[in-house]
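Quick look at model.tsv (TSV, C-alpha atoms and all ligand atoms):
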```tsv
chain	number	residue	atom	x	y	z
A	1	MET	CA	-12.02	1.93	-12.81
A	2	SER	CA	-10.36	2.40	-16.19
A	3	PRO	CA	-11.47	0.01	-18.95
A	4	LYS	CA	-7.92	-1.30	-19.38
A	5	GLU	CA	-5.39	-1.68	-16.65
A	6	TYR	CA	-1.63	-1.41	-17.03
A	7	ILE	CA	1.47	-2.16	-15.04
A	8	CYS	CA	5.08	-1.24	-15.67
A	9	SER	CA	7.08	-4.23	-16.90
A	10	CYS	CA	9.60	-3.61	-14.10
A	11	PHE	CA	7.12	-5.47	-11.86
A	12	PHE	CA	8.41	-8.71	-13.37
A	13	LYS	CA	12.02	-8.24	-12.30
A	14	ARG	CA	12.64	-5.32	-9.94
A	15	ASN	CA	12.04	-4.68	-6.26
A	16	ILE	CA	12.10	-8.31	-5.27
A	17	PHE	CA	12.35	-8.27	-1.52
A	18	LEU	CA	14.49	-10.82	0.30
A	19	LYS	CA	13.00	-10.83	3.79
A	20	LYS	CA	15.81	-12.75	5.41
A	21	TYR	CA	18.51	-10.38	4.17
A	22	LYS	CA	16.32	-7.27	4.10
A	23	ILE	CA	17.28	-6.17	0.63
A	24	HIS	CA	15.44	-5.46	-2.60
A	25	VAL	CA	16.99	-7.10	-5.67
A	26	VAL	CA	16.61	-7.10	-9.44
A	27	PHE	CA	16.50	-10.44	-11.24
A	28	GLU	CA	17.17	-10.55	-15.00
A	29	ASN	CA	18.93	-13.90	-15.14
A	30	GLU	CA	21.14	-16.08	-12.95
A	31	LYS	CA	24.39	-14.60	-14.27
A	32	GLN	CA	23.37	-10.98	-13.68
A	33	PHE	CA	22.00	-11.90	-10.27
A	34	GLU	CA	25.18	-13.65	-9.20
A	35	GLN	CA	27.39	-10.79	-10.41
A	36	GLU	CA	25.30	-8.15	-8.76
A	37	TYR	CA	24.38	-9.76	-5.44
A	38	ARG	CA	26.48	-12.76	-4.49
A	39	GLN	CA	29.14	-10.73	-2.72
A	40	ASN	CA	26.67	-8.41	-1.04
A	41	LEU	CA	24.63	-11.38	0.12
A	42	ARG	CA	27.78	-12.91	1.68
A	43	PHE	CA	28.23	-9.76	3.76
A	44	LYS	CA	24.66	-10.17	4.91
A	45	GLY	CA	25.21	-13.73	6.11
A	46	CYS	CA	24.34	-15.76	3.01
A	47	THR	CA	27.67	-17.53	2.97
A	48	THR	CA	27.20	-21.16	1.89
A	49	ASP	CA	26.29	-22.51	-1.56
A	50	THR	CA	23.15	-24.03	-0.08
A	51	GLN	CA	22.07	-20.68	1.33
A	52	TYR	CA	22.72	-19.01	-2.00
A	53	ALA	CA	20.76	-21.73	-3.83
A	54	THR	CA	17.84	-21.14	-1.46
A	55	VAL	CA	17.90	-17.40	-2.22
A	56	LEU	CA	18.02	-18.06	-5.94
A	57	ALA	CA	15.08	-20.46	-5.74
A	58	GLU	CA	13.11	-17.92	-3.70
A	59	VAL	CA	13.77	-15.15	-6.20
A	60	LYS	CA	12.77	-17.34	-9.13
A	61	GLU	CA	9.61	-18.38	-7.34
A	62	GLU	CA	8.71	-14.72	-6.74
A	63	VAL	CA	9.31	-13.91	-10.41
A	64	ALA	CA	7.02	-16.80	-11.39
A	65	ARG	CA	4.37	-15.60	-8.92
A	66	ARG	CA	4.47	-12.12	-10.43
A	67	ARG	CA	4.19	-13.49	-13.98
A	68	SER	CA	0.87	-15.17	-13.18
A	69	PHE	CA	-0.27	-12.71	-10.50
A	70	HIS	CA	-2.80	-10.65	-12.49
A	71	GLU	CA	-4.53	-13.66	-14.01
A	72	SER	CA	-4.74	-15.50	-10.70
A	73	SER	CA	-5.87	-12.42	-8.82
A	74	LEU	CA	-8.74	-12.00	-11.28
A	75	ALA	CA	-9.66	-15.68	-10.87
A	76	ASN	CA	-9.56	-15.30	-7.08
A	77	TYR	CA	-11.73	-12.18	-7.27
A	78	LYS	CA	-14.34	-14.01	-9.34
A	79	ASP	CA	-14.33	-17.01	-7.06
A	80	ILE	CA	-14.65	-14.88	-3.92
A	81	GLN	CA	-17.53	-12.85	-5.37
A	82	SER	CA	-19.45	-16.04	-6.12
A	83	ASN	CA	-18.64	-18.12	-3.09
A	84	TYR	CA	-17.56	-16.14	-0.03
A	85	GLU	CA	-20.37	-15.63	2.47
A	86	ARG	CA	-20.09	-12.19	4.02
A	87	LEU	CA	-20.31	-11.93	7.80
A	88	TYR	CA	-21.51	-8.31	7.85
A	89	PRO	CA	-22.86	-7.56	4.35
A	90	GLU	CA	-23.82	-4.07	5.51
A	91	ILE	CA	-20.23	-2.92	6.01
A	92	TRP	CA	-19.24	-3.57	2.38
A	93	LYS	CA	-20.86	-0.35	1.22
A	94	LEU	CA	-19.72	2.90	2.74
A	95	LYS	CA	-22.22	4.69	4.95
A	96	PRO	CA	-21.55	8.07	6.57
A	97	SER	CA	-22.02	6.40	9.97
A	98	PHE	CA	-18.78	4.39	9.40
A	99	VAL	CA	-16.62	7.49	9.37
A	100	ASP	CA	-15.62	9.54	12.36
A	101	PRO	CA	-17.53	12.87	12.24
A	102	ARG	CA	-14.23	14.68	12.84
A	103	PHE	CA	-12.94	13.25	9.56
A	104	VAL	CA	-15.88	14.78	7.72
A	105	THR	CA	-15.16	18.15	9.35
A	106	ILE	CA	-11.46	18.01	8.49
A	107	SER	CA	-12.18	17.02	4.89
A	108	SER	CA	-14.79	19.72	4.50
A	109	ASP	CA	-12.35	22.29	5.90
A	110	ALA	CA	-9.82	21.09	3.33
A	111	GLN	CA	-12.23	22.14	0.61
A	112	HIS	CA	-13.14	25.52	2.02
A	113	LYS	CA	-10.22	26.81	4.05
A	114	SER	CA	-6.59	27.79	3.60
A	115	LEU	CA	-3.81	25.30	4.38
A	116	ASP	CA	-3.12	27.02	7.73
A	117	SER	CA	-6.78	26.79	8.75
A	118	LEU	CA	-6.89	23.17	7.64
A	119	LEU	CA	-3.88	22.30	9.81
A	120	LEU	CA	-5.54	24.01	12.77
A	121	SER	CA	-8.76	22.10	12.10
A	122	LEU	CA	-6.77	18.88	11.92
A	123	VAL	CA	-5.27	19.44	15.36
A	124	GLN	CA	-8.58	20.60	16.85
A	125	ASN	CA	-10.27	17.48	15.53
A	126	GLY	CA	-8.02	14.85	17.04
A	127	GLY	CA	-5.34	14.92	14.35
A	128	HIS	CA	-1.60	14.88	14.76
A	129	ILE	CA	0.97	16.65	12.58
A	130	THR	CA	4.63	15.70	12.44
A	131	GLU	CA	7.53	17.85	11.28
A	132	SER	CA	8.06	15.57	8.29
A	133	ALA	CA	4.63	16.13	6.67
A	134	VAL	CA	3.14	12.90	7.99
A	135	TYR	CA	-0.37	13.36	9.38
A	136	ARG	CA	-2.56	11.17	11.57
A	137	LEU	CA	-6.27	11.84	11.79
A	138	PRO	CA	-9.51	10.10	12.83
A	139	VAL	CA	-11.07	8.27	9.85
A	140	PHE	CA	-13.34	5.38	10.90
A	141	THR	CA	-15.44	4.78	14.00
A	142	GLN	CA	-14.28	2.11	16.44
A	143	GLU	CA	-17.43	0.09	15.79
A	144	PHE	CA	-16.75	-0.06	12.07
A	145	CYS	CA	-13.13	-1.12	12.67
A	146	GLN	CA	-14.23	-3.87	15.01
A	147	GLN	CA	-16.74	-5.27	12.52
A	148	LEU	CA	-14.19	-5.08	9.73
A	149	VAL	CA	-11.64	-7.06	11.77
A	150	GLU	CA	-14.29	-9.70	12.47
A	151	GLU	CA	-15.09	-9.84	8.75
A	152	LEU	CA	-11.36	-10.28	8.02
A	153	LYS	CA	-11.10	-13.11	10.51
A	154	GLN	CA	-14.07	-14.80	8.84
A	155	PHE	CA	-12.47	-14.26	5.43
A	156	ASP	CA	-9.28	-15.82	6.71
A	157	LYS	CA	-11.18	-19.09	7.09
A	158	TYR	CA	-12.38	-19.00	3.48
A	159	PRO	CA	-10.58	-21.93	1.81
A	160	GLY	CA	-10.30	-20.48	-1.73
A	161	ASN	CA	-7.09	-19.07	-3.23
A	162	LYS	CA	-6.05	-15.57	-2.14
A	163	SER	CA	-3.15	-13.34	-3.12
A	164	VAL	CA	-0.73	-11.86	-0.64
A	165	PRO	CA	-1.46	-8.17	-0.01
A	166	ASN	CA	1.69	-6.79	-1.67
A	167	THR	CA	5.27	-7.73	-2.57
A	168	MET	CA	6.57	-7.26	0.99
A	169	ASN	CA	3.73	-8.35	3.30
A	170	SER	CA	2.93	-12.06	3.30
A	171	TYR	CA	0.01	-11.90	5.73
A	172	GLY	CA	-3.16	-9.94	5.19
A	173	VAL	CA	-5.52	-9.63	2.27
A	174	SER	CA	-6.15	-7.64	-0.89
A	175	LEU	CA	-9.42	-5.74	-0.42
A	176	ASP	CA	-9.59	-5.33	-4.20
A	177	GLU	CA	-9.56	-9.10	-4.66
A	178	MET	CA	-11.92	-9.59	-1.72
A	179	GLY	CA	-14.40	-7.29	-3.50
A	180	MET	CA	-14.60	-4.68	-0.76
A	181	SER	CA	-13.01	-1.84	-2.66
A	182	ASP	CA	-15.57	-0.59	-5.17
A	183	GLN	CA	-18.31	0.36	-2.76
A	184	LEU	CA	-16.30	1.00	0.37
A	185	ILE	CA	-12.96	2.50	-0.62
A	186	THR	CA	-13.86	4.33	-3.86
A	187	PRO	CA	-16.40	6.66	-2.19
A	188	LEU	CA	-14.07	7.17	0.78
A	189	ILE	CA	-11.41	8.48	-1.59
A	190	THR	CA	-13.70	10.50	-3.83
A	191	ASP	CA	-15.76	12.13	-1.11
A	192	TRP	CA	-13.22	12.71	1.63
A	193	LEU	CA	-9.63	11.68	1.04
A	194	GLN	CA	-9.02	13.33	-2.29
A	195	PRO	CA	-9.98	16.88	-1.18
A	196	LEU	CA	-7.82	16.46	1.90
A	197	ALA	CA	-4.83	15.10	0.01
A	198	LYS	CA	-5.19	17.86	-2.58
A	199	GLN	CA	-4.49	20.45	0.13
A	200	LEU	CA	-1.77	18.51	1.89
A	201	PHE	CA	0.03	16.86	-1.06
A	202	ASP	CA	-1.06	18.89	-4.09
A	203	LYS	CA	1.83	17.93	-6.36
A	204	TRP	CA	1.26	14.22	-5.77
A	205	VAL	CA	-2.48	14.30	-6.41
A	206	GLY	CA	-2.00	15.86	-9.85
A	207	LEU	CA	-5.31	15.95	-11.70
A	208	SER	CA	-6.97	13.41	-9.42
A	209	PHE	CA	-6.61	10.01	-7.82
A	210	ASP	CA	-7.99	7.81	-10.58
A	211	SER	CA	-7.10	4.45	-9.11
A	212	TYR	CA	-5.80	2.82	-5.96
A	213	LYS	CA	-4.74	-0.45	-4.38
A	214	ALA	CA	-6.36	-1.29	-1.04
A	215	PHE	CA	-5.31	-4.07	1.28
A	216	ILE	CA	-5.01	-5.22	4.87
A	217	VAL	CA	-1.69	-5.98	6.51
A	218	ARG	CA	-1.60	-8.33	9.48
A	219	TYR	CA	1.31	-8.75	11.89
A	220	ASP	CA	1.84	-11.16	14.76
A	221	GLU	CA	4.68	-13.07	16.31
A	222	THR	CA	4.33	-16.09	14.05
A	223	GLY	CA	3.79	-14.34	10.70
A	224	ASP	CA	5.10	-10.97	9.55
A	225	ARG	CA	6.54	-9.24	12.60
A	226	GLU	CA	7.82	-6.02	11.06
A	227	LEU	CA	8.24	-4.26	7.74
A	228	SER	CA	11.58	-3.10	6.35
A	229	LEU	CA	12.30	0.34	4.97
A	230	HIS	CA	10.50	1.00	1.68
A	231	TYR	CA	8.32	3.43	-0.20
A	232	ASP	CA	4.97	2.64	-1.74
A	233	ASN	CA	3.91	2.12	-5.35
A	234	ALA	CA	1.50	5.04	-5.09
A	235	GLU	CA	1.38	8.82	-4.82
A	236	VAL	CA	-0.28	9.21	-1.42
A	237	THR	CA	-0.89	6.51	1.20
A	238	LEU	CA	-3.46	6.22	3.97
A	239	ASN	CA	-2.78	3.62	6.64
A	240	VAL	CA	-5.65	3.10	9.10
A	241	SER	CA	-5.27	1.20	12.35
A	242	LEU	CA	-8.11	-1.28	12.90
A	243	ASN	CA	-7.42	-2.71	16.35
A	244	SER	CA	-5.49	-2.06	19.53
A	245	ASP	CA	-4.82	-5.43	21.16
A	246	TYR	CA	-1.11	-5.55	20.40
A	247	THR	CA	2.11	-3.79	21.35
A	248	GLY	CA	4.86	-2.41	19.10
A	249	GLY	CA	4.33	-1.87	15.38
A	250	GLN	CA	4.82	1.92	15.23
A	251	LEU	CA	5.70	3.39	11.87
A	252	GLN	CA	9.02	5.13	11.33
A	253	PHE	CA	9.35	7.70	8.57
A	254	ASN	CA	12.55	8.89	6.96
A	255	GLY	CA	12.95	11.33	4.07
A	256	ILE	CA	11.53	11.20	0.56
A	257	TRP	CA	12.97	8.56	-1.79
A	258	GLY	CA	15.21	10.14	-4.42
A	259	GLU	CA	15.83	13.28	-2.41
A	260	GLU	CA	19.15	14.01	-0.77
A	261	ASP	CA	19.77	12.92	2.79
A	262	ASN	CA	16.67	10.83	2.88
A	263	THR	CA	17.84	8.86	5.88
A	264	LYS	CA	18.54	11.90	8.04
A	265	GLN	CA	15.32	12.79	9.75
A	266	LYS	CA	13.35	10.05	11.45
A	267	THR	CA	9.82	10.39	12.79
A	268	LEU	CA	8.16	7.70	14.86
A	269	ILE	CA	4.38	7.62	14.90
A	270	GLY	CA	2.11	5.24	16.78
A	271	HIS	CA	-1.27	3.85	15.75
A	272	GLU	CA	-4.64	4.71	17.21
A	273	VAL	CA	-7.72	2.65	16.37
A	274	GLY	CA	-9.75	4.22	13.57
A	275	HIS	CA	-7.05	6.81	12.89
A	276	GLY	CA	-5.24	6.90	9.57
A	277	ILE	CA	-1.67	7.93	8.90
A	278	LEU	CA	-1.60	9.97	5.70
A	279	HIS	CA	1.75	10.35	3.98
A	280	CYS	CA	3.47	10.93	0.69
A	281	ALA	CA	3.90	7.45	-0.77
A	282	ARG	CA	7.53	8.19	-1.76
A	283	GLN	CA	8.38	8.92	1.86
A	284	LEU	CA	10.56	6.06	3.10
A	285	HIS	CA	8.99	4.20	6.00
A	286	SER	CA	9.19	1.01	8.01
A	287	ALA	CA	7.12	-0.72	10.69
A	288	LEU	CA	8.76	-1.62	13.99
A	289	PRO	CA	8.42	-5.21	15.20
A	290	ILE	CA	5.24	-6.24	16.91
A	291	THR	CA	6.01	-7.31	20.49
A	292	SER	CA	2.69	-8.98	21.38
A	293	GLY	CA	-0.78	-9.55	19.94
A	294	GLN	CA	-1.97	-9.17	16.38
A	295	ARG	CA	-2.09	-5.92	14.41
A	296	TYR	CA	-4.48	-5.21	11.54
A	297	ASN	CA	-4.13	-2.08	9.40
A	298	MET	CA	-5.97	-1.04	6.27
A	299	VAL	CA	-3.63	0.45	3.69
A	300	ILE	CA	-4.80	2.45	0.67
A	301	TRP	CA	-2.23	3.32	-1.99
A	302	MET	CA	-3.83	6.18	-3.90
A	303	ARG	CA	-2.60	6.68	-7.44
A	304	SER	CA	-2.75	9.51	-9.93
A	305	SER	CA	-2.09	8.64	-13.57
A	306	SER	CA	-1.29	12.28	-14.36
A	307	VAL	CA	1.71	11.95	-12.03
A	308	ARG	CA	2.82	8.34	-12.54
A	309	ASN	CA	2.43	8.22	-16.32
A	310	HIS	CA	5.59	10.35	-16.45
A	311	MET	CA	7.62	8.08	-14.21
A	312	CYS	CA	7.06	4.67	-12.71
A	313	PRO	CA	7.91	5.12	-9.03
A	314	MET	CA	9.27	1.60	-8.81
A	315	CYS	CA	11.95	1.86	-11.51
A	316	GLY	CA	12.21	5.63	-11.76
A	317	GLN	CA	11.75	5.50	-15.53
A	318	CYS	CA	9.10	6.12	-18.11
A	319	PRO	CA	6.74	3.20	-17.48
A	320	SER	CA	7.00	0.40	-20.00
A	321	LEU	CA	3.35	-0.57	-20.10
A	322	VAL	CA	1.92	-4.06	-20.07
A	323	ALA	CA	-1.89	-4.51	-20.13
A	324	VAL	CA	-3.23	-6.76	-17.37
A	325	PRO	CA	-6.72	-8.12	-16.68
A	326	PHE	CA	-6.86	-7.04	-13.02
A	327	ALA	CA	-4.85	-5.24	-10.33
A	328	GLY	CA	-3.12	-2.72	-12.59
A	329	GLU	CA	-0.72	-0.15	-11.23
A	330	GLY	CA	-2.68	2.94	-12.22
A	331	PHE	CA	-0.95	3.89	-15.46
A	332	THR	CA	-3.16	5.01	-18.33
A	333	VAL	CA	-2.87	5.34	-22.09
A	334	PRO	CA	-4.69	8.24	-23.75
A	335	ASP	CA	-7.31	6.87	-26.17
A	336	THR	CA	-5.70	8.59	-29.13
A	337	GLN	CA	-2.16	7.31	-28.52
A	338	GLN	CA	-2.62	3.70	-27.48
A	339	SER	CA	1.02	2.88	-28.15
A	340	ASP	CA	2.71	6.09	-27.01
A	341	CYS	CA	4.52	6.48	-23.77
A	342	SER	CA	3.37	9.70	-22.17
A	343	CYS	CA	6.90	10.78	-21.36
A	344	LEU	CA	8.31	10.50	-24.84
B	401	LIG	O1	2.81	-2.02	8.70
B	401	LIG	C1	2.21	-1.05	8.33
B	401	LIG	O2	1.21	-0.63	8.90
B	401	LIG	C2	2.75	-0.33	7.14
B	401	LIG	C3	2.37	-1.00	5.87
B	401	LIG	C4	3.00	-0.33	4.70
B	401	LIG	O3	3.80	0.54	4.81
B	401	LIG	C5	2.63	-0.76	3.36
B	401	LIG	O4	1.93	-1.77	3.23
B	401	LIG	O5	3.01	-0.10	2.40
B	402	FE	FE	4.32	1.28	2.88
```
The structure in this file should be written as structure tokens.
Ligand SMILES: O=C(O)CCC(=O)C(=O)O
Ligand SMILES: [Fe+2]
Amino acid sequence: MSPKEYICSCFFKRNIFLKKYKIHVVFENEKQFEQEYRQNLRFKGCTTDTQYATVLAEVKEEVARRRSFHESSLANYKDIQSNYERLYPEIWKLKPSFVDPRFVTISSDAQHKSLDSLLLSLVQNGGHITESAVYRLPVFTQEFCQQLVEELKQFDKYPGNKSVPNTMNSYGVSLDEMGMSDQLITPLITDWLQPLAKQLFDKWVGLSFDSYKAFIVRYDETGDRELSLHYDNAEVTLNVSLNSDYTGGQLQFNGIWGEEDNTKQKTLIGHEVGHGILHCARQLHSALPITSGQRYNMVIWMRSSSVRNHMCPMCGQCPSLVAVPFAGEGFTVPDTQQSDCSCL
């Protein structure tokens, strides 16, 4: 963890997702918002003044949530560390027995073999490769996944304040805030994921993954049912399926954000318990609706400051840095140039 954490100031106004109308919007002020979106929203079914007022209130509420997010997330983290009683304390610290032995083999092959040999090893060890550079591979054992889901269900009953997992999912939990990340996710990345990602997504790993955001998404018929097309605020994403008692919910991948024809190719990939889908975070993706049951997935957005310091993926510009006390976005400032933007 870096001593100081930073976000890009675009977090306070851009990429505000309107679930009902399935669009991302920018909010600077009411006038700009009306000029930019009122007409478009009408086309999407937001026709009456009351409906528009509801949208405006929702957007303002989201902006207010984001303004206080980092402070409240830190307060939640502290409260949870002091007061939440863990169901399975032993699963909060990574042990080799939690990971599927095939994952260890694949990751070790990533460090010692050519890309071709790695891809062969991936397939021979239960992995799946798609034509659009999206990979699925065994990561955790079924037993670990089951215990984790039970822990999550216990945590769900904890009455303290909790943040939503990200700006699009309303159900689930931030593992960073829950306190699970440092001893469970950090070693998973350092020991196994980073070497693998380095071979498969070299340009996105840059120097190294030096931070991440880890969370759980939960879908069922009464909460979030699906996830609209988006890309992640990360360089490389791992999305691990934790249970199987549901139907639907496959992920659909399109092209890379910012590249031409990014809606052309579409790849559908299903979940398998314990298996993780590894993809370039800028690859556009969506989750199909759940049709029964409840789906839990662990998502890790791995970040590399050497890549993102040059461009914030969320606004496409040189990040305009704001220091935050918790839950930064992985940007860094070199010690010698505290006030410089690295892309100047
Ligand atoms: O629903 C899923 O499993 C995908 C979640 C996802 O894409 C995200 O949280 O960034
Ligand atoms: Fe995503």
Neighbourhood of ligand FE 402 (chain B) at 9 Å, counting all atoms listed in the file, reported as a list in words: Leu227, Leu229, His230, Tyr231, Asp232, Asn233, Thr237, Asn239, Ala281, Arg282, Gln283, Leu284, His285, Ser286, Ala287, Val299 and Trp301 of chain A
What lies within 8 Å of Trp192 in chain A using all atoms listed in the file, ignoring chain neighbours under 5 positions off, as a ChimeraX atom specification? /A:103-104,107-108,187
Which residues come within 12 Å of range 324-327 of chain A, counting only C-alpha atoms, excluding same-chain residues fewer than 3 positions away, as a ChimeraX atom specification? /A:1-9,11,66-78,163,165-166,174-179,181,211-215,321,330-332
Spatial neighbours of Val26 in chain A, max dist 9 Å, all atoms listed in the file, sep filter under 2 positions, as a PyMOL selection string: chain A and resi 13-16+24+28+32-33+36
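With CA of Val205 in chain A on one side and CA of Leu193 in chain A on the other, the separation reads 10.7 Å.
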May I ask which of the residues A:Asp245, A:Glu226, A:Asp335, A:Glu30 is the closest one to ligand LIG 401 (chain B), counting all atoms listed in the file? A:Glu226
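CA of Phe17 in chain A lies 14.0 Å from CA of Lys44 in chain A.
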I'd like the interatomic distance between CA of Ala53 in chain A and CA of Gly223 in chain A, to a tenth of an Å. 23.5 Å
Can you pull out the residues contacting range 125-129 of chain A? Cut-off 8 Å, using only C-alpha atoms, and skip same-chain residues under 5 positions away; I want them as a list of chain:residue names.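 Using only C-alpha atoms, the neighbours found are A:Arg102, A:Phe103, A:Thr105, A:Ile106, A:Leu119, A:Val134, A:Tyr135, A:Arg136, A:Leu137, A:Pro138.
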Give me the residues near Glu85 in chain A as a PyMOL selection string, where near means some atom within 10 Å (using all atoms listed in the file) and where sequence neighbours in that chain fewer than 5 positions away do not count. chain A and resi 80+154-155+158
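Residue nearest Leu118 in chain A within the list A:Thr267, A:Thr291, A:Gln199, A:Asn297: A:Gln199 [criterion: smallest interatomic distance, all atoms listed in the file].
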Looking at A:Ser304, A:Ser117, A:Ser170, A:Gln147, which one is nearest to Phe209 in chain A, with distances taken over all atoms listed in the file? A:Ser304
Could you check the closest approach to ligand LIG 401 (chain B) for each of A:Gln124, A:Gln39, A:Thr167, A:Ser305 and tell me which residue wins, using only C-alpha atoms and all ligand atoms?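 Checking each candidate against ligand LIG 401 (chain B), we get A:Thr167 as the closest.
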Proximity to ligand LIG 401 (chain B) - best of A:Met180, A:Gln294, A:Met302, A:Asn169, only C-alpha atoms and all ligand atoms: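 Closest residue, counting only C-alpha atoms and all ligand atoms: A:Asn169.
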Axis-aligned box for range 266-277 of chain A, 6 Å per side, centre and edges in Å as AutoDock Vina command-line options:
```
--center_x 1.8 --center_y 6.5 --center_z 13.1 --size_x 35.1 --size_y 19.7 --size_z 20.3
```
Between A:Glu235, A:Asp220, A:Glu272, A:Glu90, which residue has the minimum interatomic distance to Gly293 in chain A, considering only C-alpha atoms?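 Going through A:Glu235, A:Asp220, A:Glu272, A:Glu90 one by one, the smallest distance to Gly293 in chain A is for A:Asp220.
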